[in-house]
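Okay, structure first, notes after.
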Amino acid sequence: MRDVVPHRPGMKSKVSVHLLKAHSPSDLRAAVRGIRGEVRFSEALRDFTSFHIGGPADVLVLPADVEDLCLLVRQARLLKVPLFVLGGTNLLVREGGIRGIVVNLSKLNGITDEPGHVVYAEGGVGMPTLMKHAISRSLSGLEWAAGIPGTVAGCVVMNAGTRLGEMKDALKEVRLVDQKGRIIDCPLSAIRFSYRRALLPRGIVVGAWLQLKPGAREKIEAVVKEYLRHRKETQPLALPSAGCVFKNPPGDAAGRLIEAVGLKGARIGDAQVSEKHANFIVNLGRANADDVIALIKQVGRTVEEQTGVTLELELKIVGQP
Ligand SMILES: Cc1cc2nc3c(=O)[nH]c(=O)nc-3n(C[C@H](O)[C@H](O)[C@H](O)COP(=O)(O)OP(=O)(O)OC[C@H]3O[C@@H](n4cnc5c(N)ncnc54)[C@H](O)[C@@H]3O)c2cc1C
């Protein structure tokens with residue numbers, strides 16, 4: 001898909017960056033003509049990322065519904081204006097911001113119960129909201145996701161998970177808007193999942209059917225509560241971050257390696273390797289993307305030199321320097 005820029009799987013490089021060329025203001029205005037949702041020009045993306053870091057989007061669009069998104073995709077394609085989808089919890093947006101149109105699906109927030117303990121969640125539903133919904137219906141199968149702050153769509157694309165489970169375990173089918181602006185329902189057989197990656201047909205994920213199972217509400221609640229307690233104890237949740245920076249290498253934990261090379265607490269500007277969990281980088285207040293990238297490079301280099309392990313980024317770095 002040339003004009004829609006979703007997650008690019010296979011990002012092995014230490015620091016990968018999306019660089020998108022500038023488009024004329026008139027093309028940008030034409031691409032969003034007739035959009036019923038919110039359209040904001042030069043919108044600061046730091047307000048849309050869990051890191052609280054990031055320059056402006058040329059245009060930020062919050063489509064009113066899936067049809068609105070289809071129109072946007074078709075118009076942007078005609079004008080060759082790139083689209084980037086942002087939930088914002090696994091991203092570092094650079095200070096130059098993102099050229100073209102950034103799409104945020106927060107208005108696609110519907111949840112529908114279907115027969116057979118299936119729940120359909122639109123792509124912009126937050127995982128914590130979906131979890132609450134499942135608990136209210138005494139449905140089990142999402143407990144592993146307790147504390148993951150991303151959207152349902154972002155969790156599909158990232159195959160988000162913990163050591164207790166991952167998104168693919170609960171998925172039944174995925175709905176996408178493809179590059180031509182058509183709605184496509186995609187069976188699991190058309191998706192290849194691996195660790196923190198889902199290889200999907202190109203497009204924007206707008207919803208997912210989840211196959212859950214009946215359970216005892218108190219038991220589900222107790223499990224979720226325990227996982228949340230454990231997170232609070234082991235992760236720096238009071239400070240802005242984008243979760244784990246690196247993927248765990250096979251048979252090891254990135255956090256353990258970073259701690260072993262003495263980098264817990266290391267700091268560049270206001271970016272710090274968390275003292276609580278070494279695989280988190282936290283924003284102590286005024287960190288910018290360059291501080292975080294410099295720290296990521298320092299961590300990657302030191303771990304490689306001292307242990308021989310090349311850490312792969314889980315975090316996505318996007319936008320212009
Ligand atoms: C405190 C904290 C704890 C976390 N804990 C975990 C954890 O335990 N496990 C875990 O896996 N992750 C964790 N994360 C990271 C993050 O929440 C997940 O990676 C989540 O899946 C990202 O969802 P998002 O909606 O924020 O997507 P984003 O971070 O915005 O995007 C991730 C990628 O998906 C693409 N994308 C997003 N939406 C769409 C869409 N609709 N269609 C196509 N492409 C899309 C983006 O362009 C980007 O390439 C944590 C983050 C934080 C801040």
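So you can find residues: chains in the structure tokens are A, B, ... in the order shown, residues in each start at 1, and ligands are numbered from 1 in order.
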Per residue of chain A within 7 Å of ligand 1, what are the shortest atom pair and its distance in Å to one decimal, counting only C-alpha atoms and all ligand atoms, with rows by chain and residue number, as CSV?
```
residue,atom,partner,partner_atom_place_in_ligand_line,distance
A:Val5,CA,ligand 1,47 (O),6.7
A:Pro6,CA,ligand 1,44 (N),4.1
A:His7,CA,ligand 1,49 (O),3.2
A:Arg8,CA,ligand 1,49 (O),6.3
A:Ser50,CA,ligand 1,53 (C),5.5
A:Phe84,CA,ligand 1,47 (O),5.7
A:Val85,CA,ligand 1,47 (O),4.4
A:Leu86,CA,ligand 1,30 (O),3.8
A:Gly87,CA,ligand 1,30 (O),3.3
A:Gly88,CA,ligand 1,30 (O),3.6
A:Thr89,CA,ligand 1,26 (O),3.6
A:Asn90,CA,ligand 1,29 (O),3.3
A:Leu91,CA,ligand 1,29 (O),4.7
A:Leu105,CA,ligand 1,41 (N),6.9
A:Gly123,CA,ligand 1,41 (N),5.8
A:Ala145,CA,ligand 1,8 (O),6.9
A:Gly147,CA,ligand 1,3 (C),6.4
A:Ile148,CA,ligand 1,5 (N),4.5
A:Pro149,CA,ligand 1,17 (O),4.6
A:Gly150,CA,ligand 1,23 (O),3.5
A:Thr151,CA,ligand 1,25 (O),3.7
A:Val152,CA,ligand 1,25 (O),6.5
A:Ala153,CA,ligand 1,41 (N),4.5
A:Gly154,CA,ligand 1,25 (O),3.5
A:Cys155,CA,ligand 1,21 (O),3.3
A:Val156,CA,ligand 1,21 (O),6.7
A:Val157,CA,ligand 1,34 (O),5.2
A:Met158,CA,ligand 1,21 (O),5.0
A:Asn159,CA,ligand 1,21 (O),6.6
A:Ala160,CA,ligand 1,11 (O),3.2
A:Gly161,CA,ligand 1,11 (O),4.1
A:Thr162,CA,ligand 1,8 (O),5.0
A:Arg196,CA,ligand 1,11 (O),6.3
A:Gly203,CA,ligand 1,43 (C),6.1
A:Ile204,CA,ligand 1,42 (N),3.5
A:Val205,CA,ligand 1,42 (N),3.9
A:Val206,CA,ligand 1,41 (N),5.6
A:Leu237,CA,ligand 1,1 (C),5.6
A:Ser241,CA,ligand 1,53 (C),5.2
A:Ala242,CA,ligand 1,53 (C),3.8
A:Gly243,CA,ligand 1,52 (C),3.5
A:Cys244,CA,ligand 1,50 (C),6.4
A:Lys316,CA,ligand 1,49 (O),6.3
```
>> Which of range 35-249 of chain A end up as helix (DSSP H, G or I) when DSSP is run on this backbone - answer as a count of residues only?
In response: 62
> If we count only C-alpha atoms, what is near range 255-265 of chain A at a cut-off of 6 Å, once residues fewer than 2 positions away on the same chain are taken out, given as an MDAnalysis selection string?
Replying inline: chainID A and resid 253 272:275 278:279
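Atom to atom, CA of Arg229 in chain A and CA of Lys132 in chain A stand 16.2 Å apart.
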> Which of these residues is nearest to Glu314 in chain A, using only C-alpha atoms: A:Lys297, A:His277, A:His52, A:Lys247?
Replying inline: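 Closest to Glu314 in chain A of all the choices is A:Lys247.
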>> Give me, as a PyMOL selection string, all polymer residues having an atom no more than 8 Å from Pro63 in chain A, counting only C-alpha atoms and skipping those fewer than 2 positions away in the same chain.
In response: chain A and resi 35-38+61+65-66+68-69+103-105+107-108
Just the selected residues (C-alpha atoms), exported as a PDB file, in the first residue's frame, please.
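Result written to selection-v8.pdb:
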```
ATOM      1  CA  ILE A  35     -14.603  14.375   6.373  1.00  0.00           C
ATOM      2  CA  ARG A  36     -17.268  14.383   9.117  1.00  0.00           C
ATOM      3  CA  GLY A  37     -14.900  13.620  11.971  1.00  0.00           C
ATOM      4  CA  GLU A  38     -12.350  16.000  13.479  1.00  0.00           C
ATOM      5  CA  VAL A  61      -7.846  13.269  11.463  1.00  0.00           C
ATOM      6  CA  ASP A  65     -16.784   6.242  11.630  1.00  0.00           C
ATOM      7  CA  VAL A  66     -15.493   3.571   9.265  1.00  0.00           C
ATOM      8  CA  ASP A  68     -15.528   8.420   6.974  1.00  0.00           C
ATOM      9  CA  LEU A  69     -12.179   6.621   7.114  1.00  0.00           C
ATOM     10  CA  VAL A 103      -5.188   9.092  11.643  1.00  0.00           C
ATOM     11  CA  ASN A 104      -6.378   8.450  15.163  1.00  0.00           C
ATOM     12  CA  LEU A 105      -9.259   6.020  15.557  1.00  0.00           C
ATOM     13  CA  LYS A 107     -14.015   7.804  17.596  1.00  0.00           C
ATOM     14  CA  LEU A 108     -14.247   4.195  16.389  1.00  0.00           C
TER      15      LEU A 108
END
```
> If you count only C-alpha atoms, which residues fall within 12 Å of Glu218 in chain A, apart from same-chain ones fewer than 6 positions away, as an MDAnalysis selection string?
Replying inline: chainID A and resid 135:140 224:225
Export, as a PDB file, in the first residue's frame, the selected residues with C-alpha atoms.
```pdb
ATOM      1  CA  ILE A 135     -15.498  -8.570  32.838  1.00  0.00           C
ATOM      2  CA  SER A 136     -18.989  -7.023  32.921  1.00  0.00           C
ATOM      3  CA  ARG A 137     -20.199  -9.928  30.710  1.00  0.00           C
ATOM      4  CA  SER A 138     -18.247 -12.540  32.771  1.00  0.00           C
ATOM      5  CA  LEU A 139     -16.143 -13.359  29.719  1.00  0.00           C
ATOM      6  CA  SER A 140     -12.652 -14.731  30.111  1.00  0.00           C
ATOM      7  CA  VAL A 224      -6.810  -8.968  36.377  1.00  0.00           C
ATOM      8  CA  LYS A 225      -6.359  -7.219  39.709  1.00  0.00           C
TER       9      LYS A 225
END
```
> Given the choices A:Ile53, A:Val118, A:Val81, A:Val318, which gets closest to Pro214 in chain A if the distance is worked out from only C-alpha atoms?
Replying inline: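 Smallest distance to Pro214 in chain A is found for A:Val118.
Separating CA of Leu284 in chain A from CA of Leu239 in chain A is a distance of 6.9 Å.
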